[in-house]
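Note: the block below is structure_29.tsv and it holds TSV, C-alpha atoms.
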chain	number	residue	atom	x	y	z
A	1	MET	CA	20.10	-12.38	-17.39
A	2	GLU	CA	23.61	-11.85	-16.08
A	3	LEU	CA	22.93	-8.43	-14.50
A	4	LEU	CA	20.07	-9.81	-12.38
A	5	GLU	CA	21.91	-13.00	-11.39
A	6	GLU	CA	24.93	-10.96	-10.28
A	7	ARG	CA	22.72	-8.74	-8.19
A	8	ILE	CA	21.01	-11.73	-6.56
A	9	ARG	CA	24.42	-13.27	-5.76
A	10	LYS	CA	25.59	-9.99	-4.26
A	11	GLU	CA	22.53	-8.87	-2.29
A	12	GLY	CA	20.13	-11.80	-2.14
A	13	THR	CA	20.02	-13.77	1.10
A	14	VAL	CA	18.78	-17.30	1.56
A	15	LYS	CA	16.53	-17.94	4.56
A	16	PRO	CA	15.26	-21.24	5.96
A	17	GLY	CA	12.26	-22.65	4.10
A	18	GLN	CA	13.71	-21.87	0.65
A	19	VAL	CA	13.03	-18.17	1.02
A	20	LEU	CA	15.15	-15.87	-1.13
A	21	LYS	CA	15.17	-12.30	0.17
A	22	VAL	CA	15.75	-9.64	-2.46
A	23	ASP	CA	14.13	-6.76	-0.66
A	24	SER	CA	17.08	-4.40	-1.15
A	25	PHE	CA	16.43	-4.09	-4.90
A	26	ILE	CA	13.18	-5.83	-5.94
A	27	ASN	CA	10.31	-6.05	-3.48
A	28	HIS	CA	10.70	-3.46	-0.74
A	29	GLN	CA	13.37	-1.09	-2.00
A	30	MET	CA	13.22	-1.05	-5.80
A	31	ASP	CA	16.16	-0.44	-8.13
A	32	VAL	CA	14.23	1.03	-11.03
A	33	LYS	CA	17.33	1.17	-13.24
A	34	LEU	CA	17.56	-2.60	-12.93
A	35	PHE	CA	13.82	-2.79	-13.70
A	36	ARG	CA	14.47	-0.81	-16.90
A	37	ALA	CA	17.17	-3.29	-18.00
A	38	MET	CA	14.80	-6.17	-17.24
A	39	ALA	CA	12.01	-4.49	-19.21
A	40	GLN	CA	14.32	-4.01	-22.20
A	41	GLN	CA	15.22	-7.71	-22.08
A	42	TRP	CA	11.54	-8.74	-22.12
A	43	LYS	CA	10.91	-6.24	-24.93
A	44	ARG	CA	13.55	-8.02	-27.02
A	45	ASP	CA	12.34	-11.50	-26.05
A	46	PHE	CA	8.67	-10.76	-26.76
A	47	ALA	CA	9.23	-8.45	-29.75
A	48	ASP	CA	7.17	-10.77	-32.00
A	49	ALA	CA	4.33	-11.37	-29.55
A	50	GLY	CA	2.10	-8.40	-30.33
A	51	VAL	CA	1.74	-7.48	-26.66
A	52	ASN	CA	-0.92	-4.80	-26.15
A	53	LYS	CA	-1.37	-4.99	-22.38
A	54	ILE	CA	0.64	-5.84	-19.27
A	55	VAL	CA	-1.10	-7.56	-16.37
A	56	THR	CA	0.45	-8.04	-12.93
A	57	ILE	CA	-0.69	-8.53	-9.35
A	58	GLU	CA	-0.29	-6.30	-6.34
A	59	ALA	CA	1.95	-5.45	-4.71
A	60	SER	CA	5.52	-6.43	-5.67
A	61	GLY	CA	4.78	-6.85	-9.38
A	62	ILE	CA	3.50	-3.32	-9.86
A	63	GLY	CA	6.79	-1.41	-9.96
A	64	ILE	CA	8.35	-3.79	-12.46
A	65	ALA	CA	5.18	-3.88	-14.57
A	66	ALA	CA	4.99	-0.07	-14.71
A	67	ILE	CA	8.45	0.12	-16.26
A	68	VAL	CA	7.65	-2.78	-18.61
A	69	GLY	CA	4.44	-1.04	-19.71
A	70	GLU	CA	6.38	2.07	-20.61
A	71	GLU	CA	8.93	-0.02	-22.52
A	72	PHE	CA	6.16	-1.71	-24.56
A	73	ASP	CA	4.10	1.52	-24.72
A	74	VAL	CA	0.95	-0.26	-23.53
A	75	PRO	CA	-1.36	0.07	-20.49
A	76	VAL	CA	-0.68	-1.89	-17.31
A	77	VAL	CA	-3.40	-3.52	-15.22
A	78	PHE	CA	-2.74	-4.76	-11.73
A	79	ALA	CA	-5.02	-7.38	-10.17
A	80	LYS	CA	-6.19	-6.31	-6.74
A	81	LYS	CA	-6.02	-8.55	-3.73
A	82	SER	CA	-9.43	-7.87	-2.26
A	83	GLN	CA	-12.69	-6.20	-3.11
A	84	SER	CA	-12.37	-2.46	-2.72
A	85	ILE	CA	-15.33	-0.15	-2.48
A	86	ASN	CA	-13.59	1.90	-5.17
A	87	LEU	CA	-14.21	-0.87	-7.74
A	88	ASP	CA	-17.43	-1.72	-9.57
A	89	GLY	CA	-19.05	-5.07	-8.87
A	90	SER	CA	-18.25	-6.14	-12.39
A	91	VAL	CA	-15.00	-8.08	-11.94
A	92	TYR	CA	-13.25	-11.32	-12.80
A	93	THR	CA	-12.05	-13.19	-9.72
A	94	ALA	CA	-9.49	-15.90	-9.01
A	95	LYS	CA	-8.52	-17.54	-5.76
A	96	ILE	CA	-4.76	-17.72	-5.19
A	97	HIS	CA	-2.86	-19.62	-2.55
A	98	SER	CA	0.16	-17.83	-1.14
A	99	TYR	CA	2.77	-20.22	0.24
A	100	THR	CA	4.73	-17.20	1.51
A	101	HIS	CA	1.83	-15.94	3.60
A	102	GLN	CA	0.24	-19.38	4.08
A	103	ARG	CA	-3.27	-18.35	3.13
A	104	ASP	CA	-5.70	-18.06	0.23
A	105	TYR	CA	-6.76	-14.72	-1.13
A	106	ASP	CA	-9.02	-13.48	-3.89
A	107	VAL	CA	-7.73	-11.33	-6.70
A	108	ILE	CA	-9.97	-9.30	-8.93
A	109	VAL	CA	-9.69	-7.54	-12.28
A	110	SER	CA	-12.42	-5.26	-13.58
A	111	LYS	CA	-14.12	-6.59	-16.70
A	112	LYS	CA	-13.48	-3.17	-18.24
A	113	TYR	CA	-9.71	-3.70	-18.42
A	114	VAL	CA	-9.23	-7.18	-19.92
A	115	GLY	CA	-11.18	-8.62	-22.83
A	116	PRO	CA	-11.16	-10.27	-26.24
A	117	GLY	CA	-8.44	-8.90	-28.50
A	118	ASP	CA	-6.06	-8.31	-25.61
A	119	ARG	CA	-2.64	-9.92	-26.08
A	120	ILE	CA	-1.33	-9.98	-22.57
A	121	LEU	CA	2.15	-10.21	-21.10
A	122	LEU	CA	1.93	-11.25	-17.46
A	123	ILE	CA	4.67	-9.84	-15.24
A	124	ASP	CA	5.68	-10.70	-11.69
A	125	ASP	CA	8.70	-10.53	-9.44
A	126	PHE	CA	8.73	-14.19	-8.33
A	127	MET	CA	7.39	-17.54	-9.44
A	128	ALA	CA	7.58	-20.69	-7.33
A	129	ASN	CA	4.46	-22.87	-7.49
A	130	GLY	CA	2.88	-20.63	-10.08
A	131	CYS	CA	-0.30	-19.96	-8.11
A	132	ALA	CA	-0.39	-16.25	-8.86
A	133	MET	CA	0.29	-16.76	-12.57
A	134	ASN	CA	-2.36	-19.48	-12.82
A	135	GLY	CA	-4.87	-17.13	-11.21
A	136	LEU	CA	-4.04	-14.35	-13.67
A	137	ILE	CA	-4.21	-16.78	-16.62
A	138	ASP	CA	-7.67	-17.89	-15.48
A	139	ILE	CA	-8.83	-14.29	-15.32
A	140	CYS	CA	-7.36	-13.33	-18.71
A	141	GLU	CA	-8.67	-16.42	-20.52
A	142	THR	CA	-12.10	-16.15	-18.92
A	143	ALA	CA	-12.15	-12.61	-20.31
A	144	GLY	CA	-11.38	-13.94	-23.79
A	145	ALA	CA	-7.88	-12.46	-23.85
A	146	THR	CA	-4.73	-14.30	-24.97
A	147	VAL	CA	-1.75	-14.69	-22.65
A	148	VAL	CA	1.11	-14.31	-25.14
A	149	GLY	CA	3.88	-14.44	-22.56
A	150	ILE	CA	4.86	-14.57	-18.92
A	151	GLY	CA	7.82	-12.51	-17.73
A	152	ILE	CA	9.18	-13.41	-14.31
A	153	ALA	CA	12.13	-11.74	-12.63
A	154	ILE	CA	13.14	-14.69	-10.42
A	155	GLU	CA	11.87	-18.24	-10.88
A	156	LYS	CA	12.50	-20.89	-8.28
A	157	GLY	CA	13.37	-23.61	-10.78
A	158	PHE	CA	13.23	-26.32	-8.11
A	159	GLN	CA	9.51	-25.64	-7.63
A	160	PRO	CA	6.98	-26.71	-10.25
A	161	GLY	CA	5.33	-23.47	-11.42
A	162	GLY	CA	7.56	-22.69	-14.40
A	163	ALA	CA	7.80	-26.27	-15.68
A	164	ASP	CA	4.02	-26.72	-15.47
A	165	LEU	CA	3.29	-23.53	-17.40
A	166	ARG	CA	5.88	-24.37	-20.10
A	167	ALA	CA	4.37	-27.86	-20.43
A	168	ARG	CA	0.99	-26.23	-21.04
A	169	GLY	CA	2.54	-24.24	-23.88
A	170	TYR	CA	2.99	-20.82	-22.30
A	171	ARG	CA	6.07	-18.77	-23.16
A	172	VAL	CA	7.68	-18.26	-19.76
A	173	ASP	CA	10.68	-15.92	-19.77
A	174	SER	CA	12.30	-15.92	-16.33
A	175	LEU	CA	15.30	-13.62	-16.18
A	176	ALA	CA	16.96	-15.61	-13.39
A	177	ILE	CA	16.13	-19.24	-12.60
A	178	VAL	CA	17.39	-20.43	-9.23
A	179	GLU	CA	18.27	-24.11	-9.52
A	180	SER	CA	19.14	-24.56	-5.86
A	181	MET	CA	19.91	-22.53	-2.79
A	182	ASP	CA	21.21	-23.32	0.65
A	183	ASP	CA	20.46	-21.26	3.72
A	184	ALA	CA	23.36	-22.86	5.64
A	185	THR	CA	26.04	-21.72	3.17
A	186	GLY	CA	24.13	-18.92	1.43
A	187	ARG	CA	25.04	-20.52	-1.89
A	188	ILE	CA	22.70	-19.84	-4.84
A	189	GLU	CA	22.99	-21.83	-8.10
A	190	PHE	CA	21.36	-20.59	-11.29
A	191	ARG	CA	20.19	-22.63	-14.27
A	192	ALA	CA	22.66	-22.14	-17.12
B	1	MET	CA	-1.48	20.02	-13.89
B	2	GLU	CA	-3.75	20.51	-16.90
B	3	LEU	CA	-3.09	17.07	-18.43
B	4	LEU	CA	-4.17	15.27	-15.26
B	5	GLU	CA	-7.21	17.49	-14.64
B	6	GLU	CA	-8.40	16.93	-18.22
B	7	ARG	CA	-8.04	13.19	-17.78
B	8	ILE	CA	-9.97	13.23	-14.51
B	9	ARG	CA	-12.75	15.28	-16.15
B	10	LYS	CA	-12.87	12.83	-19.05
B	11	GLU	CA	-12.58	9.48	-17.27
B	12	GLY	CA	-13.05	10.07	-13.56
B	13	THR	CA	-16.43	9.21	-12.09
B	14	VAL	CA	-17.90	10.53	-8.87
B	15	LYS	CA	-19.57	8.01	-6.58
B	16	PRO	CA	-21.65	8.58	-3.46
B	17	GLY	CA	-19.58	9.21	-0.33
B	18	GLN	CA	-17.19	11.59	-2.11
B	19	VAL	CA	-15.44	8.74	-3.89
B	20	LEU	CA	-13.61	9.65	-7.09
B	21	LYS	CA	-12.96	6.63	-9.28
B	22	VAL	CA	-9.92	6.92	-11.54
B	23	ASP	CA	-9.29	3.23	-12.01
B	24	SER	CA	-9.06	3.45	-15.80
B	25	PHE	CA	-5.74	5.33	-15.68
B	26	ILE	CA	-4.38	5.54	-12.11
B	27	ASN	CA	-5.15	2.79	-9.63
B	28	HIS	CA	-6.24	-0.37	-11.43
B	29	GLN	CA	-5.31	0.21	-15.05
B	30	MET	CA	-2.27	2.49	-15.14
B	31	ASP	CA	-1.43	4.95	-17.93
B	32	VAL	CA	2.34	4.96	-17.49
B	33	LYS	CA	2.79	7.72	-20.09
B	34	LEU	CA	0.68	9.96	-17.87
B	35	PHE	CA	2.78	8.83	-14.88
B	36	ARG	CA	5.92	9.92	-16.79
B	37	ALA	CA	4.47	13.39	-17.38
B	38	MET	CA	3.53	13.61	-13.70
B	39	ALA	CA	7.04	12.51	-12.67
B	40	GLN	CA	8.58	15.16	-14.91
B	41	GLN	CA	6.38	17.81	-13.28
B	42	TRP	CA	7.51	16.77	-9.78
B	43	LYS	CA	11.12	16.68	-10.99
B	44	ARG	CA	10.79	20.34	-12.02
B	45	ASP	CA	8.92	21.33	-8.86
B	46	PHE	CA	11.37	19.61	-6.49
B	47	ALA	CA	14.54	20.32	-8.53
B	48	ASP	CA	16.08	22.20	-5.58
B	49	ALA	CA	15.12	19.71	-2.87
B	50	GLY	CA	18.06	17.33	-3.05
B	51	VAL	CA	15.80	14.28	-3.19
B	52	ASN	CA	17.77	11.05	-2.77
B	53	LYS	CA	14.94	8.59	-2.13
B	54	ILE	CA	11.29	8.10	-3.01
B	55	VAL	CA	8.98	6.52	-0.42
B	56	THR	CA	5.44	5.37	-1.16
B	57	ILE	CA	2.92	2.90	0.20
B	58	GLU	CA	1.45	-0.21	-1.38
B	59	ALA	CA	-0.36	-0.71	-3.57
B	60	SER	CA	-1.60	2.16	-5.77
B	61	GLY	CA	1.39	4.40	-5.11
B	62	ILE	CA	3.96	1.92	-6.38
B	63	GLY	CA	3.53	2.33	-10.12
B	64	ILE	CA	3.69	6.12	-9.96
B	65	ALA	CA	6.63	6.02	-7.55
B	66	ALA	CA	8.60	3.65	-9.79
B	67	ILE	CA	8.42	6.14	-12.68
B	68	VAL	CA	9.23	9.03	-10.34
B	69	GLY	CA	12.26	7.13	-9.00
B	70	GLU	CA	13.58	6.69	-12.50
B	71	GLU	CA	12.99	10.38	-13.26
B	72	PHE	CA	14.97	11.44	-10.15
B	73	ASP	CA	17.47	8.56	-10.58
B	74	VAL	CA	17.07	7.44	-6.96
B	75	PRO	CA	15.85	4.26	-5.23
B	76	VAL	CA	12.18	3.79	-4.37
B	77	VAL	CA	10.96	2.22	-1.14
B	78	PHE	CA	7.38	1.09	-0.68
B	79	ALA	CA	5.94	0.69	2.80
B	80	LYS	CA	4.28	-2.68	3.21
B	81	LYS	CA	0.83	-3.12	4.63
B	82	SER	CA	1.50	-6.07	6.91
B	83	GLN	CA	4.35	-8.05	8.36
B	84	SER	CA	5.64	-10.49	5.76
B	85	ILE	CA	7.78	-13.48	6.63
B	86	ASN	CA	10.08	-12.23	3.88
B	87	LEU	CA	11.03	-9.20	5.97
B	88	ASP	CA	13.42	-9.01	8.89
B	89	GLY	CA	12.01	-8.12	12.29
B	90	SER	CA	13.88	-4.84	12.16
B	91	VAL	CA	11.25	-2.42	10.89
B	92	TYR	CA	9.64	0.95	11.53
B	93	THR	CA	5.87	0.74	11.92
B	94	ALA	CA	2.98	3.17	11.68
B	95	LYS	CA	-0.73	2.59	12.12
B	96	ILE	CA	-2.86	4.08	9.36
B	97	HIS	CA	-6.60	4.50	9.19
B	98	SER	CA	-8.13	3.88	5.79
B	99	TYR	CA	-11.43	5.69	5.31
B	100	THR	CA	-11.82	3.92	1.96
B	101	HIS	CA	-11.60	0.47	3.52
B	102	GLN	CA	-12.93	1.55	6.93
B	103	ARG	CA	-10.22	-0.10	8.97
B	104	ASP	CA	-6.81	0.44	10.54
B	105	TYR	CA	-3.75	-1.28	9.20
B	106	ASP	CA	-0.06	-1.34	10.04
B	107	VAL	CA	2.55	-0.32	7.54
B	108	ILE	CA	6.19	-1.22	7.89
B	109	VAL	CA	9.48	-0.07	6.41
B	110	SER	CA	12.72	-1.93	7.03
B	111	LYS	CA	15.26	0.06	9.04
B	112	LYS	CA	17.76	-0.79	6.30
B	113	TYR	CA	16.05	1.40	3.72
B	114	VAL	CA	15.38	4.71	5.46
B	115	GLY	CA	17.78	6.55	7.73
B	116	PRO	CA	19.65	9.75	8.59
B	117	GLY	CA	20.87	11.57	5.50
B	118	ASP	CA	17.90	10.50	3.43
B	119	ARG	CA	16.06	13.39	1.79
B	120	ILE	CA	12.75	11.83	0.97
B	121	LEU	CA	10.03	12.67	-1.51
B	122	LEU	CA	6.80	10.93	-0.52
B	123	ILE	CA	4.57	9.92	-3.43
B	124	ASP	CA	1.00	8.69	-3.49
B	125	ASP	CA	-1.95	8.57	-5.85
B	126	PHE	CA	-4.52	10.17	-3.51
B	127	MET	CA	-4.66	12.32	-0.41
B	128	ALA	CA	-7.84	13.03	1.52
B	129	ASN	CA	-7.42	13.03	5.31
B	130	GLY	CA	-3.67	12.55	5.00
B	131	CYS	CA	-3.55	9.40	7.14
B	132	ALA	CA	-1.19	7.52	4.84
B	133	MET	CA	1.15	10.50	4.46
B	134	ASN	CA	1.19	11.11	8.21
B	135	GLY	CA	2.13	7.48	8.77
B	136	LEU	CA	4.96	7.68	6.25
B	137	ILE	CA	6.19	10.97	7.76
B	138	ASP	CA	6.27	9.33	11.22
B	139	ILE	CA	8.32	6.44	9.85
B	140	CYS	CA	10.76	8.67	7.95
B	141	GLU	CA	11.28	11.12	10.81
B	142	THR	CA	11.63	8.35	13.40
B	143	ALA	CA	14.37	7.00	11.13
B	144	GLY	CA	16.14	10.39	11.21
B	145	ALA	CA	15.38	11.13	7.56
B	146	THR	CA	14.05	14.44	6.21
B	147	VAL	CA	10.80	14.62	4.27
B	148	VAL	CA	11.68	17.29	1.68
B	149	GLY	CA	8.44	17.01	-0.25
B	150	ILE	CA	5.14	15.27	-0.77
B	151	GLY	CA	3.92	14.61	-4.30
B	152	ILE	CA	0.28	13.66	-4.63
B	153	ALA	CA	-1.51	12.94	-7.89
B	154	ILE	CA	-5.02	13.85	-6.72
B	155	GLU	CA	-5.76	15.75	-3.52
B	156	LYS	CA	-9.30	16.05	-2.20
B	157	GLY	CA	-9.00	19.71	-1.29
B	158	PHE	CA	-12.27	19.64	0.65
B	159	GLN	CA	-10.75	17.20	3.13
B	160	PRO	CA	-8.13	18.33	5.65
B	161	GLY	CA	-5.01	16.29	4.83
B	162	GLY	CA	-3.29	18.72	2.47
B	163	ALA	CA	-4.07	21.86	4.47
B	164	ASP	CA	-2.83	20.25	7.69
B	165	LEU	CA	0.46	19.16	6.15
B	166	ARG	CA	1.06	22.57	4.55
B	167	ALA	CA	0.32	24.25	7.90
B	168	ARG	CA	3.00	22.06	9.48
B	169	GLY	CA	5.48	23.32	6.88
B	170	TYR	CA	5.64	20.42	4.45
B	171	ARG	CA	5.95	21.13	0.73
B	172	VAL	CA	2.87	19.42	-0.67
B	173	ASP	CA	2.70	19.34	-4.48
B	174	SER	CA	-0.66	17.95	-5.57
B	175	LEU	CA	-0.98	17.82	-9.34
B	176	ALA	CA	-4.78	18.05	-9.23
B	177	ILE	CA	-6.73	19.44	-6.28
B	178	VAL	CA	-10.42	18.64	-6.33
B	179	GLU	CA	-12.30	21.52	-4.72
B	180	SER	CA	-15.70	19.89	-4.93
B	181	MET	CA	-17.47	17.06	-6.67
B	182	ASP	CA	-21.07	15.97	-7.02
B	183	ASP	CA	-22.15	12.41	-7.59
B	184	ALA	CA	-25.60	13.55	-8.75
B	185	THR	CA	-24.30	15.63	-11.66
B	186	GLY	CA	-20.83	14.10	-12.02
B	187	ARG	CA	-19.38	17.61	-11.88
B	188	ILE	CA	-15.81	17.97	-10.62
B	189	GLU	CA	-14.33	21.38	-9.76
B	190	PHE	CA	-10.59	21.87	-9.43
B	191	ARG	CA	-8.75	24.47	-7.36
B	192	ALA	CA	-7.36	27.10	-9.74
The structure in this file should be written as structure tokens.
Amino acid sequence: MELLEERIRKEGTVKPGQVLKVDSFINHQMDVKLFRAMAQQWKRDFADAGVNKIVTIEASGIGIAAIVGEEFDVPVVFAKKSQSINLDGSVYTAKIHSYTHQRDYDVIVSKKYVGPGDRILLIDDFMANGCAMNGLIDICETAGATVVGIGIAIEKGFQPGGADLRARGYRVDSLAIVESMDDATGRIEFRA
Amino acid sequence: MELLEERIRKEGTVKPGQVLKVDSFINHQMDVKLFRAMAQQWKRDFADAGVNKIVTIEASGIGIAAIVGEEFDVPVVFAKKSQSINLDGSVYTAKIHSYTHQRDYDVIVSKKYVGPGDRILLIDDFMANGCAMNGLIDICETAGATVVGIGIAIEKGFQPGGADLRARGYRVDSLAIVESMDDATGRIEFRA
């Protein structure tokens, strides 16, 4: 998606350790107009998928997913990162490893909000190793739901998450795929 | 706001310890159509306030704030709950006590995204003791910004947060104010 790639070129910064900072428009300050354009793109790309629910994971996915949910006119569920006393005990759980934060954490989704008959579009801001998406897939499929698509804003194409999920047959629609990036020069190359 | 109060009456459940669960439409599963109606209400209520930025706090505030940002056509910033290696060191910090989770946590906002000239509308899903809002106010005012309003979906009117903020001169616009609730009967009374 040209609009997103341009924005990453203009405002994204490459940090050591293959970190791409996009916190001026995606995951700290949010440009919700850009989110709307992204949501419209996914709506076109998944027009035939019969999506009836959006699932994402806190925290950075939530803003994007909210706009996507409105675009598809379906509810949005966000997986929570730890047990809250405001949730029932009746939850699906997955353990996710965060390379960014270098730790494991549990995510939970109430059994009330995913189940058989759900045709789910997963949404997130980033995908690298695919740990978060694999955790959400586990939860959705354990619930008997079908993951009909995965919409990612920025995929790190040089890490294995996207390729693995595509090889397993999932429809992964990443709006910008970074092929390589260099923190010395700041150069970012996108997959054509 | 009648629409929100009706929804709370219909789907909200009262738990011991004065906990109001609204996770079917606000803070786990999100009804983004309802969020749009709430955003439109705040847009009318704060039409004269010159809002140029929305600030909220992860995680439950983000979905609502994203829709509100689009309604006002301004950027949205969400305060993060812990230092991430994806953020610069240059941040404002506030310590917030969560009664729900019974612990203190730090929230941070990058100095790049709030500053003098900003006229900020704070948004959150809940207010009880006002700890989160007081933390965000500290951050915004330390940054030289002006908090022109505070939009809360559900205020627990029997706890002191809202009254304290109004007494200090802040414009607090809570779309539903719970006057009392009873976990034995499930009864929820709203402020007229």
Distance in Å - CA of Asp138 in chain B versus CA of Lys95 in chain B: 9.8 Å
Spatial neighbours of Arg191 in chain A, 8 Å, all atoms listed in the file, chain gap at least 2 places, as a list in words: Gly157, Ala176, Ile177, Val178, Glu179 and Glu189 of chain A
Using only C-alpha atoms: which of A:Lys43, A:Arg166, A:Lys111, A:Arg187 has the shortest distance to chain B: A:Lys111
Residues of chain B within 9 Å of chain A, counting only C-alpha atoms, as JSON, numbers by chain: {"B": [15, 19, 20, 21, 22, 23, 24, 25, 27, 28, 29, 30, 31, 32, 33, 36, 55, 58, 59, 60, 62, 63, 64, 65, 66, 67, 69, 70, 73, 74, 75, 76, 77, 78, 79, 80, 84, 85, 86, 87, 100, 101, 109, 110, 112, 113]}
Contact residues around Trp42 in chain B with only C-alpha atoms at 8 Å, ignoring same-chain residues under 5 positions, as a PyMOL selection string: chain B and resi 47+68+151+173
Spatial neighbours of range 160-164 of chain A, max dist 6 Å, all atoms listed in the file, sep filter under 4 positions, as a ChimeraX atom specification: /A:128-130
Computed interatomic separation between CA of Ile152 in chain B and CA of Leu34 in chain B (Å): 13.8 Å
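CA of Gln41 in chain B sits 23.5 Å away from CA of Cys140 in chain B.
For Ile96 in chain B, the set of protein, DNA and RNA residues having any atom at most 10 Å away, when counting only C-alpha atoms and skipping those fewer than 2 positions along the same chain, is Lys81, Thr93, Ala94, Ser98, Tyr99, Arg103, Asp104, Tyr105, Asp106, Val107, Gly130, Cys131, Ala132, Met133, Asn134, Gly135 and Leu136 of chain B.
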Leu3 in chain B surroundings by all atoms listed in the file, 9 Å radius, close-in-sequence under 2 positions cut, as JSON, numbers by chain: {"B": [1, 5, 6, 7, 8, 34, 37, 38]}
Using all atoms of range 11-28 of chain B that appear in the file, construct an axis-aligned enclosing box with 6 Å of padding on every side and provide its centre coordinates and edge lengths in Å, rounded to one decimal, as AutoDock Vina command-line options.
--center_x -13.0 --center_y 5.6 --center_z -8.8 --size_x 29.3 --size_y 24.0 --size_z 28.9
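Of the residues listed (B:Gln159, B:Arg171, B:Ile154, B:Leu165), B:Ile154 shows the shortest atom-to-atom separation from Phe190 in chain B; distances use all atoms listed in the file.
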